[in-house]
Amino acid sequence: ETGVTQSPTHLIKTRGQQVTLRCSSQSGHNTVSWYQQALGQGPQFIFQYYREEENGRGNFPPRFSGLQFPNYSSELNVNALELDDSALYLCASSLGQLNEKLFFGSGTQLSVL
Amino acid sequence: AQSVTQLDSQVPVFEEAPVELRCNYSSSVSVYLFWYVQYPNQGLQLLLKYLSGSTLVKGINGFEAEFNKSQTSFHLRKPSVHISDTAEYFCAVSPTTGFQKLVFGTGTRLLVSP
């Protein structure tokens, strides 16, 4: 177990709704990255937060937004949900922006109907 | 930009047989290389990584991988697989400088049967 916890584990929403996913990073980690993993695909980078600031973003529209709190936990918000947003959303934490020390949570499975 | 190709979407193998999962990458800059494993309904677990030094990297659960810069490959191998190795395996790269996001391949499903 990595110490990175995500909630909820499963979620069902309808098209057009908004959703918030949560991630509690491993103790001592100050960086959180979010990835989207569609069925049958590899994870795709959404964005990264370092010390409460977004410091990198992948090719996702602005309706994907996030927050990092002073305790370094994080939220991923998705507005105006679309069917293609159905995926496993993975959170990963690290100390600094070093991918070689990245630990993943078990993910939130989002289904958009 | 970086890209990762895992040509084999599925690799069936019998228990105790050797296996190789192939990974090729493309990048205009130097990269770090990773292999992750994903068991059903779980997140990603790091198997091994290449940062620098020896091109043969040993990881957990008896896996190893060899970095070949000229062929831009990082194939994963195990000399004898177990039923418990059945999972999805992802190869990933990230640049060594600048913003270091992970770029993943599409994954290879290893199916080990008795």
# chains A, B, ... in the order shown; residues from 1 in each chain; ligands from 1
$ closest_atom_pairs --of "chain B" --to "chain A" --cutoff "12 Å" --atoms "only C-alpha atoms" --output "Markdown table"
| residue | atom | partner | partner_atom | distance |
| --- | --- | --- | --- | --- |
| B:Ala1 | CA | A:Gly58 | CA | 11.7 |
| B:Ser3 | CA | A:Gln44 | CA | 11.5 |
| B:Val4 | CA | A:Gly42 | CA | 10.0 |
| B:Thr5 | CA | A:Gly42 | CA | 10.6 |
| B:Gln6 | CA | A:Gly42 | CA | 10.2 |
| B:Ser9 | CA | A:Gly40 | CA | 9.2 |
| B:Gln10 | CA | A:Gly40 | CA | 11.1 |
| B:Val31 | CA | A:Asn99 | CA | 11.1 |
| B:Tyr32 | CA | A:Glu100 | CA | 8.3 |
| B:Leu33 | CA | A:Glu100 | CA | 9.1 |
| B:Phe34 | CA | A:Glu100 | CA | 8.3 |
| B:Trp35 | CA | A:Glu100 | CA | 11.0 |
| B:Tyr36 | CA | A:Phe104 | CA | 10.3 |
| B:Val37 | CA | A:Phe104 | CA | 11.1 |
| B:Gln38 | CA | A:Ser106 | CA | 9.5 |
| B:Tyr39 | CA | A:Ser106 | CA | 9.9 |
| B:Pro40 | CA | A:Ser106 | CA | 10.0 |
| B:Asn41 | CA | A:Ser106 | CA | 7.3 |
| B:Gln42 | CA | A:Ser106 | CA | 4.7 |
| B:Gly43 | CA | A:Ser106 | CA | 3.8 |
| B:Leu44 | CA | A:Phe104 | CA | 5.7 |
| B:Gln45 | CA | A:Phe104 | CA | 7.0 |
| B:Leu46 | CA | A:Phe103 | CA | 8.0 |
| B:Leu47 | CA | A:Glu100 | CA | 11.3 |
| B:Leu48 | CA | A:Glu100 | CA | 9.5 |
| B:Lys49 | CA | A:Glu100 | CA | 7.3 |
| B:Tyr50 | CA | A:Glu100 | CA | 8.9 |
| B:Leu51 | CA | A:Glu100 | CA | 8.0 |
| B:Ser52 | CA | A:Glu100 | CA | 11.7 |
| B:Glu88 | CA | A:Gly40 | CA | 9.8 |
| B:Tyr89 | CA | A:Gly42 | CA | 9.5 |
| B:Phe90 | CA | A:Gly42 | CA | 7.0 |
| B:Cys91 | CA | A:Gly42 | CA | 8.9 |
| B:Ala92 | CA | A:Gly42 | CA | 9.2 |
| B:Val93 | CA | A:Asn99 | CA | 9.3 |
| B:Ser94 | CA | A:Asn99 | CA | 7.5 |
| B:Pro95 | CA | A:Asn99 | CA | 9.6 |
| B:Thr96 | CA | A:Leu98 | CA | 9.5 |
| B:Thr97 | CA | A:Leu98 | CA | 10.4 |
| B:Gly98 | CA | A:Gln97 | CA | 10.1 |
| B:Phe99 | CA | A:Gly56 | CA | 7.1 |
| B:Gln100 | CA | A:Asn99 | CA | 6.7 |
| B:Lys101 | CA | A:Phe45 | CA | 6.9 |
| B:Leu102 | CA | A:Phe45 | CA | 6.9 |
| B:Val103 | CA | A:Gln44 | CA | 6.9 |
| B:Phe104 | CA | A:Gly42 | CA | 5.5 |
| B:Gly105 | CA | A:Gly42 | CA | 5.6 |
| B:Thr106 | CA | A:Gly42 | CA | 4.3 |
| B:Gly107 | CA | A:Gly42 | CA | 5.9 |
| B:Thr108 | CA | A:Gly40 | CA | 9.6 |
| B:Arg109 | CA | A:Gly40 | CA | 9.8 |
$ select_by_dssp --residues "chain A" --states "helix (DSSP H, G or I)" --output "PyMOL selection string"
chain A and resi 83-85+99-101
$ write_last_selection --atoms "all heavy atoms" --output "short mmCIF file (atom, residue, chain, number, x, y, z; two decimals), in the first residue's frame"
data_model
loop_
_atom_site.label_atom_id
_atom_site.label_comp_id
_atom_site.auth_asym_id
_atom_site.auth_seq_id
_atom_site.Cartn_x
_atom_site.Cartn_y
_atom_site.Cartn_z
N LEU A 83 -19.78 12.11 -21.79
CA LEU A 83 -19.70 10.65 -21.74
C LEU A 83 -18.25 10.17 -21.79
O LEU A 83 -17.88 9.20 -21.12
CB LEU A 83 -20.49 10.03 -22.90
CG LEU A 83 -21.99 10.30 -22.92
CD1 LEU A 83 -22.64 9.62 -24.12
CD2 LEU A 83 -22.66 9.82 -21.63
N ASP A 84 -17.42 10.87 -22.57
CA ASP A 84 -16.02 10.48 -22.71
C ASP A 84 -15.18 10.72 -21.45
O ASP A 84 -14.02 10.34 -21.41
CB ASP A 84 -15.37 11.23 -23.89
CG ASP A 84 -15.82 10.66 -25.22
OD1 ASP A 84 -16.43 9.56 -25.23
OD2 ASP A 84 -15.56 11.30 -26.26
N ASP A 85 -15.77 11.37 -20.46
CA ASP A 85 -15.05 11.58 -19.20
C ASP A 85 -15.07 10.31 -18.34
O ASP A 85 -14.39 10.25 -17.31
CB ASP A 85 -15.66 12.74 -18.41
CG ASP A 85 -15.51 14.07 -19.11
OD1 ASP A 85 -14.55 14.23 -19.90
OD2 ASP A 85 -16.36 14.96 -18.88
N ASN A 99 9.57 12.20 -10.85
CA ASN A 99 8.77 11.04 -11.24
C ASN A 99 9.33 9.74 -10.71
O ASN A 99 8.61 8.77 -10.60
CB ASN A 99 8.65 10.98 -12.75
CG ASN A 99 7.61 11.93 -13.28
OD1 ASN A 99 6.56 12.11 -12.66
ND2 ASN A 99 7.88 12.56 -14.40
N GLU A 100 10.62 9.73 -10.39
CA GLU A 100 11.19 8.47 -9.91
C GLU A 100 10.75 8.15 -8.50
O GLU A 100 11.01 7.06 -7.99
CB GLU A 100 12.72 8.50 -9.98
CG GLU A 100 13.36 9.63 -9.21
CD GLU A 100 13.69 10.79 -10.11
OE1 GLU A 100 12.89 11.10 -11.01
OE2 GLU A 100 14.74 11.41 -9.89
N LYS A 101 10.06 9.06 -7.85
CA LYS A 101 9.56 8.80 -6.49
C LYS A 101 8.05 9.06 -6.44
O LYS A 101 7.54 9.65 -5.50
CB LYS A 101 10.30 9.68 -5.49
CG LYS A 101 11.79 9.38 -5.40
CD LYS A 101 12.44 10.20 -4.32
CE LYS A 101 13.95 10.01 -4.33
NZ LYS A 101 14.32 8.61 -4.04
#
$ residues_around --residues "Val19 in chain A" --least-positions-apart "6" --cutoff "8 Å" --atoms "only C-alpha atoms" --output "list in words"
Lys13, Asn77, Val78, Asn79 and Leu81 of chain A
$ closest_residue --among "A:Thr31, A:Ser25, A:Ser111, A:Ser86" --to "Ser73 in chain A" --atoms "only C-alpha atoms"
A:Ser25
$ closest_residue --among "A:Ala87, A:Leu95, A:Val112, A:Leu76" --to "Trp34 in chain A" --atoms "only C-alpha atoms"
A:Leu76
$ select_by_dssp --residues "chain B" --states "strand (DSSP E or B)" --output "ChimeraX atom specification"
/B:2-5,10-14,19-21,24-27,31-38,44-50,56-58,64-68,73-78,87-95,103-104,108-113
$ atom_distance --atom1 "CA of Val57 in chain B" --atom2 "CA of Asp85 in chain B"
18.5 Å
$ residues_around --residues "His82 in chain B" --least-positions-apart "3" --cutoff "7 Å" --atoms "only C-alpha atoms" --output "mmCIF file with N, CA and C atoms, in the first residue's frame"
data_model
loop_
_atom_site.group_PDB
_atom_site.id
_atom_site.type_symbol
_atom_site.label_atom_id
_atom_site.label_comp_id
_atom_site.auth_asym_id
_atom_site.auth_seq_id
_atom_site.Cartn_x
_atom_site.Cartn_y
_atom_site.Cartn_z
ATOM 1 N N GLU B 15 2.577 -20.762 -17.224
ATOM 2 C CA GLU B 15 3.304 -20.609 -15.964
ATOM 3 C C GLU B 15 4.687 -21.243 -16.081
ATOM 4 N N GLU B 16 5.683 -20.577 -15.494
ATOM 5 C CA GLU B 16 7.093 -20.965 -15.448
ATOM 6 C C GLU B 16 7.818 -20.738 -16.772
ATOM 7 N N ASP B 85 1.457 -13.119 -11.743
ATOM 8 C CA ASP B 85 1.983 -12.029 -12.589
ATOM 9 C C ASP B 85 0.941 -11.549 -13.601
ATOM 10 N N VAL B 112 -1.151 -15.235 -17.673
ATOM 11 C CA VAL B 112 -0.400 -16.435 -17.331
ATOM 12 C C VAL B 112 -1.383 -17.550 -17.001
#
